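Next up, work-v2.cif (mmCIF, C-alpha atoms):
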data_coords
loop_
_atom_site.label_atom_id
_atom_site.label_comp_id
_atom_site.auth_asym_id
_atom_site.auth_seq_id
_atom_site.Cartn_x
_atom_site.Cartn_y
_atom_site.Cartn_z
CA MET L 1 -52.92 15.59 -40.81
CA THR L 2 -49.52 14.09 -39.64
CA ALA L 3 -49.59 10.41 -38.66
CA MET L 4 -48.64 9.75 -34.99
CA GLY L 5 -47.24 6.26 -35.70
CA ASN L 6 -47.29 3.05 -33.69
CA PRO L 7 -47.10 3.50 -29.84
CA GLU L 8 -44.16 1.05 -29.69
CA GLU L 9 -42.29 3.18 -32.26
CA ARG L 10 -42.85 6.30 -30.12
CA ARG L 11 -41.65 4.51 -26.94
CA LEU L 12 -38.30 3.29 -28.38
CA PRO L 13 -36.59 6.73 -28.69
CA LEU L 14 -37.72 7.59 -25.15
CA LEU L 15 -36.20 4.38 -23.76
CA LEU L 16 -32.92 5.01 -25.59
CA ALA L 17 -32.74 8.54 -24.24
CA CYS L 18 -33.33 7.33 -20.69
CA LEU L 19 -30.63 4.67 -21.07
CA VAL L 20 -28.05 7.19 -22.30
CA LEU L 21 -28.93 9.57 -19.45
CA CYS L 22 -28.65 6.84 -16.78
CA LEU L 23 -25.29 5.63 -18.09
CA GLY L 24 -23.97 9.17 -18.08
CA LEU L 25 -25.10 9.78 -14.51
CA ALA L 26 -23.59 6.49 -13.33
CA ALA L 27 -20.23 7.32 -14.93
CA ALA L 28 -20.23 10.78 -13.38
CA VAL L 29 -21.01 9.45 -9.90
CA LEU L 30 -18.34 6.74 -10.18
CA GLY L 31 -15.75 9.22 -11.40
CA ALA L 32 -16.51 11.63 -8.60
CA ALA L 33 -16.32 8.85 -6.02
CA ARG L 34 -12.92 7.77 -7.28
CA ALA L 35 -11.58 11.29 -7.37
CA ALA L 36 -12.82 12.20 -3.92
CA GLY L 37 -12.02 8.89 -2.26
CA SER L 38 -15.65 8.28 -1.34
CA GLY L 39 -17.50 4.97 -1.27
CA PRO L 40 -15.50 1.89 -0.32
CA ALA L 41 -12.17 3.72 -0.67
CA ALA L 42 -13.03 6.46 1.83
CA ALA L 43 -10.90 6.75 4.94
CA ALA L 44 -12.93 5.79 8.00
CA GLY L 45 -11.19 8.16 10.38
CA PRO L 46 -11.48 9.44 12.97
CA TYR L 47 -8.90 12.21 12.74
CA VAL L 48 -7.40 13.32 16.04
CA ASP L 49 -5.57 16.58 16.79
CA LEU L 50 -2.72 15.14 18.80
CA ARG L 51 -2.05 18.46 20.51
CA ARG L 52 -5.32 17.90 22.38
CA VAL L 53 -4.35 14.41 23.55
CA PRO L 54 -2.79 14.28 27.04
CA PRO L 55 0.57 12.55 27.47
CA GLY L 56 0.28 8.82 28.00
CA PRO L 57 1.43 6.89 31.07
CA ALA L 58 5.03 5.77 31.33
CA GLY L 59 5.78 2.07 30.93
CA PRO L 60 6.57 -0.17 33.88
CA ALA L 61 9.77 0.68 35.75
CA PRO L 62 12.45 -1.98 35.23
CA GLY L 63 13.03 -4.30 38.17
CA PRO L 64 16.36 -5.58 39.46
CA GLY L 65 16.40 -8.52 37.03
CA ALA L 66 15.26 -6.56 33.96
CA SER L 67 16.85 -6.84 30.54
CA THR L 68 17.20 -3.14 29.76
CA GLY L 69 19.16 -3.16 26.50
CA THR L 70 17.93 -2.16 23.04
CA VAL L 71 18.93 -3.42 19.60
CA THR L 72 18.21 -1.49 16.40
CA VAL L 73 18.28 -3.55 13.20
CA GLU L 74 19.12 -1.40 10.17
CA CYS L 75 16.90 -2.60 7.31
CA GLY L 76 16.23 0.58 5.32
CA ARG L 77 12.79 1.96 4.56
CA ASP L 78 11.66 -0.21 1.64
CA GLU L 79 13.58 1.75 -0.96
CA GLU L 80 13.10 -1.31 -3.21
CA GLY L 81 9.31 -0.86 -3.30
CA HIS L 82 8.76 -4.43 -2.08
CA TRP L 83 4.96 -4.60 -2.10
CA ASN L 84 2.45 -7.36 -2.67
CA GLU L 85 -1.04 -8.50 -1.64
CA ASP L 86 0.28 -11.66 0.06
CA ASN L 87 0.45 -12.63 3.73
CA LEU L 88 2.95 -15.39 4.42
CA VAL L 89 2.05 -15.59 8.13
CA VAL L 90 -1.75 -15.72 7.85
CA SER L 91 -2.32 -17.05 4.31
CA PRO L 92 0.78 -19.03 3.26
CA GLY L 93 0.62 -20.33 -0.29
CA VAL L 94 -2.29 -18.05 -1.28
CA ARG L 95 -1.47 -15.40 -3.87
CA ALA L 96 -3.20 -12.07 -3.12
CA GLY L 97 -4.55 -13.68 0.07
CA ALA L 98 -4.29 -10.44 2.03
CA HIS L 99 -6.76 -8.53 -0.20
CA HIS L 100 -4.69 -5.42 0.51
CA THR L 101 -1.11 -4.34 -0.08
CA HIS L 102 1.75 -4.90 2.35
CA ALA L 103 5.11 -3.12 2.45
CA TYR L 104 8.26 -4.98 3.54
CA VAL L 105 11.73 -4.50 4.89
CA GLY L 106 14.29 -7.20 5.50
CA ASN L 107 13.99 -10.32 3.36
CA LEU L 108 13.70 -9.26 -0.27
CA SER L 109 12.02 -12.45 -1.51
CA THR L 110 9.00 -12.61 0.80
CA ASP L 111 5.71 -13.53 -0.83
CA ALA L 112 2.92 -16.06 -0.32
CA LEU L 113 5.02 -18.92 -1.70
CA SER L 114 8.05 -18.33 0.52
CA THR L 115 9.32 -21.27 2.57
CA ASP L 116 11.77 -21.44 5.45
CA ALA L 117 14.42 -22.61 3.01
CA SER L 118 13.77 -19.88 0.45
CA LEU L 119 13.81 -17.18 3.12
CA ALA L 120 17.06 -18.50 4.57
CA GLY L 121 18.75 -18.29 1.17
CA ALA L 122 17.42 -14.91 -0.01
CA ALA L 123 18.95 -11.44 -0.07
CA THR L 124 17.99 -8.87 2.55
CA SER L 125 17.77 -5.09 2.93
CA CYS L 126 19.21 -5.34 6.47
CA THR L 127 22.82 -4.19 6.52
CA GLY L 128 23.81 -6.69 9.24
CA GLY L 129 22.57 -9.70 7.27
CA ASP L 130 19.28 -10.32 9.11
CA ARG L 131 17.08 -12.22 6.63
CA SER L 132 13.94 -11.86 8.74
CA THR L 133 10.86 -10.36 7.10
CA TYR L 134 8.96 -7.43 8.60
CA TYR L 135 5.77 -6.15 6.92
CA TRP L 136 2.60 -4.08 7.38
CA PRO L 137 -0.32 -2.61 5.35
CA VAL L 138 0.52 0.40 3.21
CA LEU L 139 -0.86 3.85 4.02
CA ARG L 140 -2.42 5.87 1.19
CA ARG L 141 -3.54 9.43 0.55
CA THR L 142 -6.96 9.29 -1.08
CA ASP L 143 -6.85 12.73 -2.70
CA GLN L 144 -4.23 11.50 -5.19
CA PRO L 145 -5.09 8.60 -7.52
CA GLY L 146 -1.51 7.34 -7.93
CA SER L 147 -0.13 5.77 -11.08
CA GLY L 148 2.43 3.25 -9.83
CA PRO L 149 2.23 -0.50 -9.19
CA HIS L 150 -0.26 -1.54 -6.49
CA GLU L 151 -1.86 1.91 -6.43
CA GLY L 152 -4.98 0.54 -8.05
CA ALA L 153 -4.18 -3.13 -8.54
CA ALA L 154 -5.15 -4.41 -5.11
CA GLY L 155 -8.84 -3.59 -5.55
CA HIS L 156 -11.21 -4.25 -2.65
CA GLY L 157 -11.58 -0.48 -2.21
CA ASN L 158 -7.84 0.08 -1.67
CA ALA L 159 -6.82 2.82 -4.08
CA GLY L 160 -4.83 6.02 -4.04
CA GLU L 161 -1.22 7.09 -3.92
CA ILE L 162 0.86 4.93 -1.56
CA LEU L 163 2.77 7.03 0.96
CA ARG L 164 6.40 5.96 1.10
CA GLU L 165 7.87 5.65 4.57
CA ALA L 166 10.17 8.52 5.51
CA SER L 167 11.76 6.20 8.08
CA VAL L 168 11.41 2.63 9.34
CA ARG L 169 12.85 1.65 12.71
CA VAL L 170 13.11 -2.04 13.62
CA GLU L 171 13.97 -2.39 17.29
CA PHE L 172 14.15 -5.16 19.88
CA ARG L 173 13.73 -4.48 23.59
CA GLY L 174 14.05 -6.60 26.71
CA SER L 175 11.67 -7.37 29.56
CA PRO L 176 11.12 -5.01 32.54
CA VAL L 177 11.02 -7.96 34.94
CA SER L 178 13.59 -10.53 33.78
CA ALA L 179 16.15 -11.64 31.25
CA VAL L 180 14.93 -12.77 27.83
CA VAL L 181 15.53 -16.05 25.99
CA ALA L 182 16.15 -16.54 22.29
CA MET L 183 13.33 -16.65 19.77
CA PRO L 184 13.35 -19.86 17.70
CA ARG L 185 14.31 -19.52 14.05
CA PHE L 186 11.32 -19.21 11.70
CA LEU L 187 9.00 -18.02 14.47
CA ARG L 188 5.89 -16.38 12.95
CA ALA L 189 4.34 -13.42 14.75
CA ILE L 190 1.48 -10.97 14.27
CA THR L 191 0.39 -7.86 16.12
CA GLY L 192 -2.88 -5.97 15.77
CA ASP L 193 -6.25 -7.07 14.45
CA ALA L 194 -7.11 -6.66 10.76
CA VAL L 195 -10.85 -6.96 11.55
CA ALA L 196 -10.93 -4.71 14.63
CA TYR L 197 -13.42 -2.26 13.09
CA THR L 198 -16.21 -4.84 12.82
CA ALA L 199 -15.07 -6.95 15.79
CA GLY L 200 -15.61 -4.11 18.28
CA GLY L 201 -14.28 -3.99 21.80
CA GLY L 202 -10.76 -2.96 20.85
CA ALA L 203 -9.03 -5.90 22.55
CA GLY L 204 -6.89 -6.62 19.50
CA VAL L 205 -5.99 -3.00 18.73
CA ARG L 206 -2.25 -2.65 19.21
CA ALA L 207 -0.96 0.06 16.87
CA ARG L 208 -0.50 3.58 18.15
CA TRP L 209 -0.50 6.59 15.84
CA GLY L 210 1.28 9.82 16.65
CA CYS L 211 3.37 12.82 15.59
CA SER L 212 7.15 12.98 15.56
CA GLY L 213 7.22 16.15 17.69
CA LEU L 214 4.91 14.73 20.39
CA PRO L 215 6.51 11.38 21.26
CA ASP L 216 4.75 11.08 24.63
CA ARG L 217 1.26 11.16 23.07
CA SER L 218 -0.55 8.65 20.89
CA THR L 219 -3.98 7.76 19.55
CA THR L 220 -5.76 4.90 17.83
CA GLY L 221 -7.15 7.34 15.25
CA TYR L 222 -5.42 9.03 12.33
CA PRO L 223 -3.39 11.89 13.86
CA ARG L 224 -3.47 15.48 12.70
CA CYS L 225 0.08 16.69 13.24
CA PRO L 226 1.47 20.24 13.29
CA ALA L 227 3.05 21.37 10.02
CA GLY L 228 6.54 20.01 9.59
CA GLU L 229 6.03 16.96 11.81
CA LEU L 230 5.84 13.34 10.63
CA VAL L 231 2.85 11.05 11.10
CA THR L 232 3.99 7.96 13.02
CA ARG L 233 2.78 4.38 13.48
CA THR L 234 4.19 2.17 16.24
CA LEU L 235 3.49 -1.56 16.22
CA VAL L 236 4.62 -3.62 19.22
CA PHE L 237 4.66 -7.42 18.96
CA PRO L 238 3.85 -10.00 21.64
CA SER L 239 6.92 -11.20 23.53
CA CYS L 240 5.90 -14.23 25.65
CA TRP L 241 6.65 -17.50 23.84
CA ASN L 242 5.23 -20.91 24.80
CA GLY L 243 8.64 -22.55 24.34
CA LEU L 244 7.36 -25.06 21.78
CA ASP L 245 5.87 -23.72 18.58
CA THR L 246 6.89 -21.37 15.81
CA THR L 247 3.27 -20.86 14.75
CA ALA L 248 -0.28 -21.82 15.75
CA PRO L 249 -3.58 -22.46 13.96
CA ASP L 250 -4.83 -19.04 15.07
CA HIS L 251 -1.39 -17.46 14.36
CA ARG L 252 -1.37 -16.03 17.90
CA SER L 253 -1.64 -18.49 20.79
CA HIS L 254 2.03 -19.54 20.64
CA LEU L 255 3.20 -15.96 21.30
CA LEU L 256 1.29 -13.81 23.81
CA PHE L 257 1.51 -10.30 25.21
CA PRO L 258 2.79 -9.73 28.76
CA SER L 259 0.64 -8.05 31.40
CA PRO L 260 0.80 -4.23 31.69
CA GLY L 261 3.48 -4.77 34.35
CA GLY L 262 5.58 -6.86 31.97
CA VAL L 263 4.91 -10.31 33.46
CA CYS L 264 4.42 -13.14 30.96
CA PRO L 265 1.41 -15.47 31.27
CA GLN L 266 2.01 -18.78 33.02
CA GLY L 267 3.69 -21.32 30.77
CA THR L 268 5.38 -18.73 28.54
CA PHE L 269 8.87 -17.25 28.48
CA PRO L 270 10.00 -13.68 27.69
CA VAL L 271 11.68 -13.27 24.31
CA PRO L 272 12.96 -10.03 22.72
CA GLU L 273 10.09 -7.58 22.19
CA LEU L 274 9.93 -6.40 18.58
CA ARG L 275 8.60 -2.95 17.79
CA VAL L 276 8.34 -1.49 14.29
CA SER L 277 8.08 2.30 14.09
CA LEU L 278 7.05 3.95 10.81
CA ALA L 279 7.00 7.63 9.90
CA TYR L 280 5.48 9.53 6.96
CA ALA L 281 5.81 13.07 5.65
CA VAL L 282 2.15 14.12 5.39
CA ALA L 283 0.94 17.69 5.03
CA PRO L 284 -1.81 18.75 7.49
CA GLY L 285 -5.28 17.98 6.16
CA VAL L 286 -4.28 15.21 3.73
CA PRO L 287 -6.90 12.40 3.85
CA LEU L 288 -5.39 9.06 4.91
CA ALA L 289 -6.52 5.49 4.35
CA LEU L 290 -4.87 2.37 5.71
CA ASP L 291 -5.21 -0.61 3.38
CA SER L 292 -7.83 -3.00 4.76
CA PHE L 293 -10.53 -5.51 3.97
CA PRO L 294 -13.54 -3.73 2.38
CA GLU L 295 -15.83 -4.08 5.40
CA GLN L 296 -13.17 -2.60 7.69
CA ARG L 297 -13.55 0.81 6.00
CA HIS L 298 -9.82 1.64 6.25
CA SER L 299 -10.14 2.15 9.98
CA PRO L 300 -6.85 2.92 11.76
CA LEU L 301 -8.00 0.47 14.43
CA THR L 302 -7.21 -2.37 12.00
CA ASP L 303 -3.50 -1.56 11.74
CA HIS L 304 -1.35 -4.67 12.05
CA ALA L 305 2.05 -6.10 11.18
CA MET L 306 3.73 -9.46 10.70
CA PHE L 307 7.21 -10.88 11.33
CA VAL L 308 9.08 -14.06 10.47
CA ASN L 309 12.34 -14.55 12.36
CA VAL L 310 15.02 -15.77 9.94
CA MET L 311 18.01 -14.78 12.07
CA THR L 312 20.70 -17.40 12.55
CA GLU L 313 21.24 -18.74 16.07
CA GLU L 314 24.38 -16.60 16.28
CA GLN L 315 22.52 -13.43 15.26
CA MET L 316 19.71 -14.08 17.76
CA ALA L 317 22.26 -14.81 20.50
CA GLY L 318 23.77 -11.39 19.84
CA ILE L 319 20.35 -9.75 20.26
CA VAL L 320 19.67 -11.62 23.52
CA GLY L 321 23.11 -10.85 24.94
CA CYS L 322 22.80 -7.13 24.22
CA LEU L 323 19.36 -6.93 25.85
CA ASN L 324 20.26 -8.94 28.93
CA GLU L 325 23.47 -6.99 29.46
CA GLY L 326 21.67 -3.64 29.27
CA ARG L 327 23.61 -2.37 26.26
CA THR L 328 22.50 -0.20 23.32
CA CYS L 329 23.36 -2.01 20.10
CA ARG L 330 22.93 -1.53 16.37
CA THR L 331 23.23 -4.15 13.67
#

Output the file's structure in the form of C-alpha cells.
Amino acid sequence: MTAMGNPEERRLPLLLACLVLCLGLAAAVLGAARAAGSGPAAAAGPYVDLRRVPPGPAGPAPGPGASTGTVTVECGRDEEGHWNEDNLVVSPGVRAGAHHTHAYVGNLSTDALSTDASLAGAATSCTGGDRSTYYWPVLRRTDQPGSGPHEGAAGHGNAGEILREASVRVEFRGSPVSAVVAMPRFLRAITGDAVAYTAGGGAGVRARWGCSGLPDRSTTGYPRCPAGELVTRTLVFPSCWNGLDTTAPDHRSHLLFPSPGGVCPQGTFPVPELRVSLAYAVAPGVPLALDSFPEQRHSPLTDHAMFVNVMTEEQMAGIVGCLNEGRTCRT
C-alpha cells in the first residue's frame, strides 16, 4: 500500500500551483489593460460627432470703441519636443508637480525652477523674440504604447503615444467694448480647470474641441472628425486684469474673464486676450486621452493651459497698438 504522506506535505504543492496561476493571471490582466488603454489610463470620453453639433452663437458685435485688431505670434509647434511634468504657474519650484506632461512653445528653458530672470535671459522658439512661455497638457492616443521620452515616464495613469501638434497658433485679440491696456511683464495666467471632472458644474471648463473643417462648431467632449480633418483644441485666457498683481494665491483672481458681452468686472481693466489654438492629425476612431490627474480620468473637460508674459515693454506696446488700431499683425 502506497503511503499518503503528511497533510502539510500534500498542501505545499497545491499552494505553489495556486500562486503560480494567480501571478500568471495578474500579469495577463495588467498586460491587457496596458495594451488596450483600460484602467486608469482609459480615455474618459465622451466622443462627439461634430457633424451633429449645431453651429455655435457668434461672439459679441464690436462697439464703437472696440479694439478690433489681431496679433499672431509665430512660435512654432514644439518641434523641439519641450515636455516636462512641471507647472511653473501653479507649482513653482516643484519638480514633476503637475503629475502629467505639458508641451511648450515660446521660452525654451521653462521648467519648475524657472525664475523671472532666467526666463528673461533664455532662448525662445518665437521668431519675433517673444520669450513668453505658453504650455498645455499633452494629448495621447491610447492604442499605441509609445517609446519616446515622457510616453510612460509621467505615470499617474498617463501613458501612450504623445500626439505631436500639427499646428500651434498663438494669437492676441482686443476687446469688443473698449481699447486694451498693456499686460505687466511676468504676468502669470491660467485658463481651464484641471479638476473639472470631479468638481462638477462646468464653471471652470474653458477649452473647446472641434474639427478643422467645421470652425463654427465646438464641443467640450473629444470630437469625432470627418476623415482628413484635424482635431482642434482652443483655449482662451481671461483678459480683465486688476491693475496690481502679476499672480495671486489662487492663480486666478488677479486676471478674470469678461462677461459674455465683453465687459470686464468692476475694478479690472481689459488687456490683450490670449487664445492658443492647437490642431492634431488624428484618424477617425483613434482613442484619445488628455493627460490629467488620475481621478480626473483623462476627461476633456479638464483641458487647461498656462502662460507667463515675458515680453519686453516695447514688444507688449506693439501688441497693444496693433489691437487698438484695428490692424492685423504678425510677429

Practice item. For the structure provided, state which residues fall under the PyMOL selection byres ((chain L and resi 63) around 8), and present them as a list in words. Key: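 Evaluating the PyMOL selection byres ((chain L and resi 63) around 8) on this file yields Ala61, Pro62, Pro64, Gly65, Ala66, Pro176, Val177 and Ser178 of chain L.
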
Check your understanding: Once the PyMOL selection byres ((chain L and resi 97-108) around 6) has been applied to the shown file, what residues remain in the selection, as a VMD selection string?
Key -> chain L and resid 75 78 82 to 87 91 94 to 96 109 to 110 123 to 126 131 to 138 154 291 to 292

Once the PyMOL selection byres ((chain L and resi 71) around 6) has been evaluated on this model, what residues remain selected, and can you format them as a PDB file with C-alpha atoms, in the frame of the given file?
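Result went into selection.pdb, see below:
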ATOM      1  CA  THR L  70      17.930  -2.160  23.040  1.00  0.00           C
ATOM      2  CA  THR L  72      18.210  -1.490  16.400  1.00  0.00           C
ATOM      3  CA  GLU L 171      13.970  -2.390  17.290  1.00  0.00           C
ATOM      4  CA  PHE L 172      14.150  -5.160  19.880  1.00  0.00           C
ATOM      5  CA  CYS L 329      23.360  -2.010  20.100  1.00  0.00           C
ATOM      6  CA  ARG L 330      22.930  -1.530  16.370  1.00  0.00           C
TER       7      ARG L 330
END

Review point. So which residues touch Leu235 (chain L) within 6 Å, counting only C-alpha atoms, skipping near sequence neighbours fewer than 3 positions away, as an MDAnalysis selection string?
Key: chainID L and resid 207 275:276

**Study point:** Two-atom distance - CA of Glu325 (chain L), CA of Pro265 (chain L) (Å)
**Key:** 23.7 Å

Output as a tab-separated table one row per residue of region 206-241 of chain L within 12 Å of region 50-53 of chain L: the closest atom pair and its distance in Å to one decimal place, counting only C-alpha atoms, sorted by chain and residue number ascending.
residue	atom	partner	partner_atom	distance
L:Arg208	CA	L:Leu50	CA	11.8
L:Trp209	CA	L:Leu50	CA	9.3
L:Gly210	CA	L:Leu50	CA	7.0
L:Cys211	CA	L:Leu50	CA	7.3
L:Ser212	CA	L:Leu50	CA	10.6
L:Gly213	CA	L:Arg51	CA	10.0
L:Leu214	CA	L:Leu50	CA	7.8
L:Pro215	CA	L:Leu50	CA	10.3
L:Asp216	CA	L:Val53	CA	9.8
L:Arg217	CA	L:Val53	CA	6.5
L:Ser218	CA	L:Leu50	CA	7.2
L:Thr219	CA	L:Leu50	CA	7.5
L:Thr220	CA	L:Leu50	CA	10.7
L:Gly221	CA	L:Leu50	CA	9.6
L:Tyr222	CA	L:Leu50	CA	9.3
L:Pro223	CA	L:Leu50	CA	6.0
L:Arg224	CA	L:Leu50	CA	6.2
L:Cys225	CA	L:Leu50	CA	6.4
L:Pro226	CA	L:Arg51	CA	8.2
L:Glu229	CA	L:Leu50	CA	11.3
L:Leu230	CA	L:Leu50	CA	12.0
L:Val231	CA	L:Leu50	CA	10.3
L:Thr232	CA	L:Leu50	CA	11.4

Point to revise | L:Val310, L:Ala283, L:Val168, L:Ala117 ranked by distance to Leu187 (chain L), top pick (using all atoms listed in the file) | key: L:Val310

Within 7 Å of (9.9, -16.0, 25.0), in the coordinates the file gives, what residues turn up when you count all atoms listed in the file, written out as a PDB file with C-alpha atoms, keeping the file's coordinate frame?
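That gives us selection.pdb:
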ATOM      1  CA  VAL L 180      14.930 -12.770  27.830  1.00  0.00           C
ATOM      2  CA  VAL L 181      15.530 -16.050  25.990  1.00  0.00           C
ATOM      3  CA  ALA L 182      16.150 -16.540  22.290  1.00  0.00           C
ATOM      4  CA  MET L 183      13.330 -16.650  19.770  1.00  0.00           C
ATOM      5  CA  SER L 239       6.920 -11.200  23.530  1.00  0.00           C
ATOM      6  CA  CYS L 240       5.900 -14.230  25.650  1.00  0.00           C
ATOM      7  CA  TRP L 241       6.650 -17.500  23.840  1.00  0.00           C
ATOM      8  CA  ASN L 242       5.230 -20.910  24.800  1.00  0.00           C
ATOM      9  CA  GLY L 243       8.640 -22.550  24.340  1.00  0.00           C
ATOM     10  CA  THR L 268       5.380 -18.730  28.540  1.00  0.00           C
ATOM     11  CA  PHE L 269       8.870 -17.250  28.480  1.00  0.00           C
ATOM     12  CA  PRO L 270      10.000 -13.680  27.690  1.00  0.00           C
ATOM     13  CA  VAL L 271      11.680 -13.270  24.310  1.00  0.00           C
TER      14      VAL L 271
END

Review point. What does the distance from CA of Arg77 (chain L) to CA of Ala279 (chain L) come to in Å, to one decimal?
Key: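 Distance reported for this atom pair: 9.7 Å.
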
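Minimum atom-to-atom distance to Gly228 (chain L), evaluated using only C-alpha atoms, belongs to L:Ala281 out of L:Ala281, L:Gly204, L:Val308, L:Phe186.
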